[in-house]
file protein_26.txt (compact mmCIF, C-alpha atoms)
# COMPACT_ATOMS: atom_id res chain seq x y z
CA MET A 1 120.92 40.09 93.95
CA THR A 2 119.11 40.04 97.25
CA SER A 3 116.66 42.90 97.78
CA LEU A 4 113.58 43.93 99.71
CA SER A 5 111.21 46.86 99.27
CA ILE A 6 108.24 47.94 101.38
CA ASP A 7 105.88 50.89 101.29
CA ARG A 8 105.03 52.42 104.65
CA SER A 9 104.00 55.67 106.27
CA LEU A 10 105.31 56.82 109.63
CA SER A 11 102.87 58.67 111.87
CA GLN A 12 103.35 61.49 114.34
CA ALA A 13 102.85 58.84 117.02
CA ASP A 14 105.85 56.95 115.55
CA PHE A 15 107.94 60.15 115.72
CA ASP A 16 106.86 60.73 119.31
CA LEU A 17 107.63 57.15 120.37
CA PHE A 18 111.05 57.28 118.72
CA ALA A 19 111.77 60.59 120.47
CA GLY A 20 110.89 58.95 123.79
CA VAL A 21 113.20 56.01 123.19
CA SER A 22 116.09 57.96 121.66
CA GLY A 23 115.86 61.12 123.75
CA ASP A 24 115.86 63.23 120.57
CA ASN A 25 112.97 65.57 121.38
CA ASN A 26 113.91 68.22 118.84
CA PRO A 27 110.68 70.15 118.20
CA ILE A 28 111.10 69.71 114.43
CA HIS A 29 110.17 66.06 115.06
CA VAL A 30 107.61 66.28 117.87
CA ASP A 31 105.98 69.73 117.91
CA PRO A 32 103.55 70.34 115.01
CA ASP A 33 102.99 74.00 116.02
CA PHE A 34 106.71 74.73 116.09
CA SER A 35 107.32 72.79 112.87
CA ALA A 36 104.57 74.68 111.05
CA ARG A 37 106.68 77.83 111.44
CA THR A 38 109.84 76.27 109.96
CA ARG A 39 110.87 75.92 106.32
CA PHE A 40 109.48 72.36 106.42
CA GLY A 41 105.97 73.47 107.43
CA ARG A 42 105.31 70.30 109.42
CA THR A 43 107.08 67.69 111.51
CA VAL A 44 109.80 65.62 109.91
CA SER A 45 111.05 62.15 110.74
CA HIS A 46 114.20 61.51 112.70
CA GLY A 47 116.76 60.26 110.19
CA MET A 48 117.61 57.31 112.41
CA LEU A 49 113.95 56.33 112.64
CA LEU A 50 114.05 55.87 108.86
CA TYR A 51 117.20 53.79 109.19
CA THR A 52 115.66 51.72 111.98
CA VAL A 53 112.95 50.56 109.56
CA LEU A 54 115.67 49.68 107.03
CA TRP A 55 117.61 47.79 109.73
CA GLY A 56 114.52 45.70 110.43
CA MET A 57 114.37 44.86 106.73
CA ILE A 58 118.06 43.93 106.73
CA GLN A 59 117.38 41.57 109.66
CA LYS A 60 114.60 39.91 107.62
CA LEU A 61 117.00 39.37 104.72
CA TYR A 62 119.97 38.35 106.88
CA PRO A 63 118.78 37.10 110.29
CA GLY A 64 121.42 37.65 112.95
CA ALA A 65 123.52 39.99 110.80
CA VAL A 66 125.85 42.33 112.66
CA GLN A 67 126.36 45.84 111.38
CA ALA A 68 129.98 46.70 110.62
CA GLY A 69 129.33 50.23 109.41
CA GLN A 70 126.96 52.59 107.70
CA THR A 71 127.01 55.74 105.63
CA LEU A 72 123.83 57.80 105.55
CA MET A 73 122.72 61.03 103.90
CA PHE A 74 119.34 62.72 104.40
CA PRO A 75 118.86 65.01 101.38
CA ASN A 76 115.12 65.61 101.86
CA PRO A 77 112.67 65.42 104.76
CA ALA A 78 110.15 62.65 105.34
CA TYR A 79 106.89 63.93 106.84
CA ALA A 80 104.41 62.34 109.23
CA GLY A 81 101.72 60.42 107.40
CA GLU A 82 103.56 60.53 104.07
CA PRO A 83 103.84 57.33 102.02
CA LEU A 84 107.46 56.20 101.77
CA ARG A 85 109.25 53.42 99.93
CA PHE A 86 112.00 51.68 101.94
CA GLU A 87 114.52 49.70 99.88
CA VAL A 88 117.48 47.46 100.67
CA LEU A 89 119.63 46.01 97.87
CA GLN A 90 122.74 43.87 98.22
CA THR A 91 125.46 45.41 96.06
CA ALA A 92 128.49 43.31 97.04
CA ALA A 93 129.41 40.11 98.87
CA ASP A 94 132.78 38.98 100.18
CA GLY A 95 132.70 35.81 102.27
CA GLY A 96 130.53 36.58 105.30
CA SER A 97 130.41 40.31 104.57
CA ARG A 98 127.77 42.12 102.56
CA THR A 99 127.43 45.69 101.32
CA LEU A 100 123.87 46.92 101.01
CA SER A 101 122.42 49.99 99.36
CA THR A 102 119.73 51.57 101.55
CA ARG A 103 117.21 54.13 100.36
CA VAL A 104 113.98 55.78 101.49
CA THR A 105 112.00 57.64 98.85
CA ARG A 106 108.89 59.78 99.17
CA ILE A 107 106.35 58.06 96.93
CA THR A 108 104.38 61.22 96.09
CA ASP A 109 107.26 63.09 94.44
CA GLY A 110 110.17 60.63 94.25
CA ALA A 111 112.42 62.74 96.50
CA VAL A 112 115.05 60.71 98.35
CA ALA A 113 114.78 61.10 102.14
CA LEU A 114 117.62 58.68 102.99
CA ASP A 115 120.40 57.47 100.73
CA GLY A 116 123.02 55.22 102.21
CA GLU A 117 125.01 52.08 102.51
CA ALA A 118 125.24 49.44 105.23
CA ARG A 119 128.05 46.98 105.71
CA ILE A 120 127.14 43.82 107.58
CA HIS A 121 128.73 40.57 108.70
CA ILE A 122 126.87 37.29 108.63
CA ALA A 123 127.85 34.55 111.07
call {"tool": "encode", "arguments": {"input": "protein_26.txt", "output": "structure tokens"}}
result
Amino acid sequence: MTSLSIDRSLSQADFDLFAGVSGDNNPIHVDPDFSARTRFGRTVSHGMLLYTVLWGMIQKLYPGAVQAGQTLMFPNPAYAGEPLRFEVLQTAADGGSRTLSTRVTRITDGAVALDGEARIHIA
């Protein structure tokens, strides 16, 4: 099966840049003082920022792929500066379509920050 895994940390600067591009300026992502007073205790990644990294990996595996759908769950937060493991694994193929398992895991404690599936078409 086709797969790709990378280890990477996202910084507060990454959160801030993503907020600027996406317009999602929720203080839980961009305001360390505000976030320190929440149950998380610090800023947390935008869920779609995590998926954007995975999408880049999918494009490396399948250049030019077009996304047909996705299902994503975010059971645990991913924090600024925290080492994360990003994983993409092909789980099914049908002609030009592929189903991929997508996952982001916090390396320090193994907690899953993103668990999902992407469905793509390959030209």
call {"tool": "closest_residue", "arguments": {"input": "protein_26.txt", "among": "A:Ala19, A:Ala13, A:Val30, A:Met73", "to": "Ala118 of chain A", "atoms": "only C-alpha atoms"}}
result
A:Met73
call {"tool": "closest_residue", "arguments": {"input": "protein_26.txt", "among": "A:Ser45, A:Gln67, A:Asn76, A:Ser5", "to": "Arg98 of chain A", "atoms": "only C-alpha atoms"}}
result
A:Gln67
call {"tool": "closest_residue", "arguments": {"input": "protein_26.txt", "among": "A:Ala78, A:Ala65, A:Leu72, A:Leu4", "to": "Gly116 of chain A", "atoms": "all atoms listed in the file"}}
result
A:Leu72
call {"tool": "residues_near_point", "arguments": {"input": "protein_26.txt", "point": "(115.0, 58.9, 100.3)", "cutoff": "12 Å", "atoms": "all atoms listed in the file", "output": "PyMOL selection string"}}
result
chain A and resi 45+47+50-51+54+72-79+83-88+101-116
call {"tool": "atom_distance", "arguments": {"input": "protein_26.txt", "atom1": "atom CA of Ser97 of chain A", "atom2": "atom CA of His121 of chain A"}}
result
4.5 Å
call {"tool": "atom_distance", "arguments": {"input": "protein_26.txt", "atom1": "atom CA of Leu10 of chain A", "atom2": "atom CA of Gly56 of chain A"}}
result
14.5 Å
call {"tool": "closest_residue", "arguments": {"input": "protein_26.txt", "among": "A:Gly69, A:Ile122, A:Gly64, A:Leu49", "to": "Ser9 of chain A", "atoms": "all atoms listed in the file"}}
result
A:Leu49
call {"tool": "axis_aligned_box", "arguments": {"input": "protein_26.txt", "around": "segment 17-24 of chain A", "padding_each_side": "6 Å", "output": "lines of an AutoDock Vina configuration file"}}
result
center_x = 111.9
center_y = 59.6
center_z = 121.3
size_x = 20.5
size_y = 19.2
size_z = 17.1
call {"tool": "atom_distance", "arguments": {"input": "protein_26.txt", "atom1": "atom CA of Thr99 of chain A", "atom2": "atom CA of Glu117 of chain A"}}
result
6.9 Å
call {"tool": "closest_residue", "arguments": {"input": "protein_26.txt", "among": "A:Phe34, A:Trp55, A:Phe15, A:Phe40", "to": "Ile120 of chain A", "atoms": "all atoms listed in the file"}}
result
A:Trp55
call {"tool": "closest_residue", "arguments": {"input": "protein_26.txt", "among": "A:Ile6, A:Ala68, A:Met48, A:Ala80", "to": "Pro32 of chain A", "atoms": "all atoms listed in the file"}}
result
A:Ala80
call {"tool": "decode", "arguments": {"input": "protein_26.txt", "residues": "segment 73-94 of chain A", "atoms": "N, CA, C and O atoms", "output": "CSV table (one decimal), in the first residue's frame"}}
result
chain,number,residue,atom,x,y,z
A,73,MET,N,-12.2,14.1,12.0
A,73,MET,CA,-12.5,14.3,13.4
A,73,MET,C,-11.3,14.9,14.1
A,73,MET,O,-10.1,14.5,13.7
A,74,PHE,N,-11.5,15.7,15.1
A,74,PHE,CA,-10.4,16.3,15.8
A,74,PHE,C,-10.5,16.0,17.3
A,74,PHE,O,-11.0,16.8,18.1
A,75,PRO,N,-10.2,14.8,17.7
A,75,PRO,CA,-10.4,14.4,19.1
A,75,PRO,C,-9.6,15.0,20.2
A,75,PRO,O,-10.0,15.1,21.4
A,76,ASN,N,-8.4,15.5,19.8
A,76,ASN,CA,-7.5,16.1,20.8
A,76,ASN,C,-6.8,17.3,20.1
A,76,ASN,O,-6.6,17.3,18.9
A,77,PRO,N,-6.4,18.3,20.9
A,77,PRO,CA,-5.7,19.5,20.4
A,77,PRO,C,-4.3,19.2,19.9
A,77,PRO,O,-3.7,18.3,20.5
A,78,ALA,N,-3.8,20.0,19.0
A,78,ALA,CA,-2.4,20.0,18.7
A,78,ALA,C,-1.9,21.4,19.0
A,78,ALA,O,-2.5,22.4,18.6
A,79,TYR,N,-0.8,21.5,19.8
A,79,TYR,CA,-0.3,22.8,20.3
A,79,TYR,C,0.8,23.3,19.5
A,79,TYR,O,1.6,22.6,18.9
A,80,ALA,N,1.0,24.6,19.6
A,80,ALA,CA,2.1,25.3,18.9
A,80,ALA,C,3.4,24.7,19.5
A,80,ALA,O,3.6,24.5,20.7
A,81,GLY,N,4.4,24.4,18.6
A,81,GLY,CA,5.7,23.9,18.9
A,81,GLY,C,5.7,22.5,19.3
A,81,GLY,O,6.8,21.9,19.6
A,82,GLU,N,4.6,21.8,19.3
A,82,GLU,CA,4.6,20.4,19.7
A,82,GLU,C,4.9,19.4,18.5
A,82,GLU,O,4.4,19.6,17.4
A,83,PRO,N,5.8,18.4,18.7
A,83,PRO,CA,6.1,17.5,17.6
A,83,PRO,C,4.9,16.6,17.3
A,83,PRO,O,4.3,16.0,18.2
A,84,LEU,N,4.6,16.6,16.0
A,84,LEU,CA,3.4,15.8,15.5
A,84,LEU,C,3.9,14.9,14.4
A,84,LEU,O,4.8,15.1,13.7
A,85,ARG,N,3.2,13.8,14.3
A,85,ARG,CA,3.4,12.8,13.2
A,85,ARG,C,2.2,12.9,12.3
A,85,ARG,O,1.0,12.7,12.7
A,86,PHE,N,2.4,13.2,11.0
A,86,PHE,CA,1.4,13.3,10.0
A,86,PHE,C,1.5,12.0,9.1
A,86,PHE,O,2.6,11.7,8.6
A,87,GLU,N,0.4,11.3,8.9
A,87,GLU,CA,0.4,10.1,8.2
A,87,GLU,C,-0.7,10.0,7.1
A,87,GLU,O,-1.9,10.4,7.4
A,88,VAL,N,-0.4,9.5,6.0
A,88,VAL,CA,-1.4,9.2,4.9
A,88,VAL,C,-1.1,7.8,4.5
A,88,VAL,O,0.0,7.4,4.2
A,89,LEU,N,-2.2,7.0,4.4
A,89,LEU,CA,-2.1,5.6,4.0
A,89,LEU,C,-3.3,5.3,3.0
A,89,LEU,O,-4.5,5.5,3.4
A,90,GLN,N,-3.0,4.8,1.9
A,90,GLN,CA,-4.0,4.4,0.9
A,90,GLN,C,-4.7,3.1,1.5
A,90,GLN,O,-4.0,2.1,1.8
A,91,THR,N,-6.0,3.1,1.6
A,91,THR,CA,-6.7,2.0,2.1
A,91,THR,C,-7.6,1.3,1.1
A,91,THR,O,-8.0,0.1,1.3
A,92,ALA,N,-7.8,2.0,0.0
A,92,ALA,CA,-8.6,1.3,-1.1
A,92,ALA,C,-8.3,2.0,-2.4
A,92,ALA,O,-8.0,3.2,-2.5
A,93,ALA,N,-8.5,1.3,-3.5
A,93,ALA,CA,-8.3,1.8,-4.9
A,93,ALA,C,-9.4,1.2,-5.8
A,93,ALA,O,-9.7,0.0,-5.7
A,94,ASP,N,-10.0,2.1,-6.6
A,94,ASP,CA,-11.0,1.6,-7.5
A,94,ASP,C,-10.9,2.4,-8.8
A,94,ASP,O,-11.3,3.6,-8.8
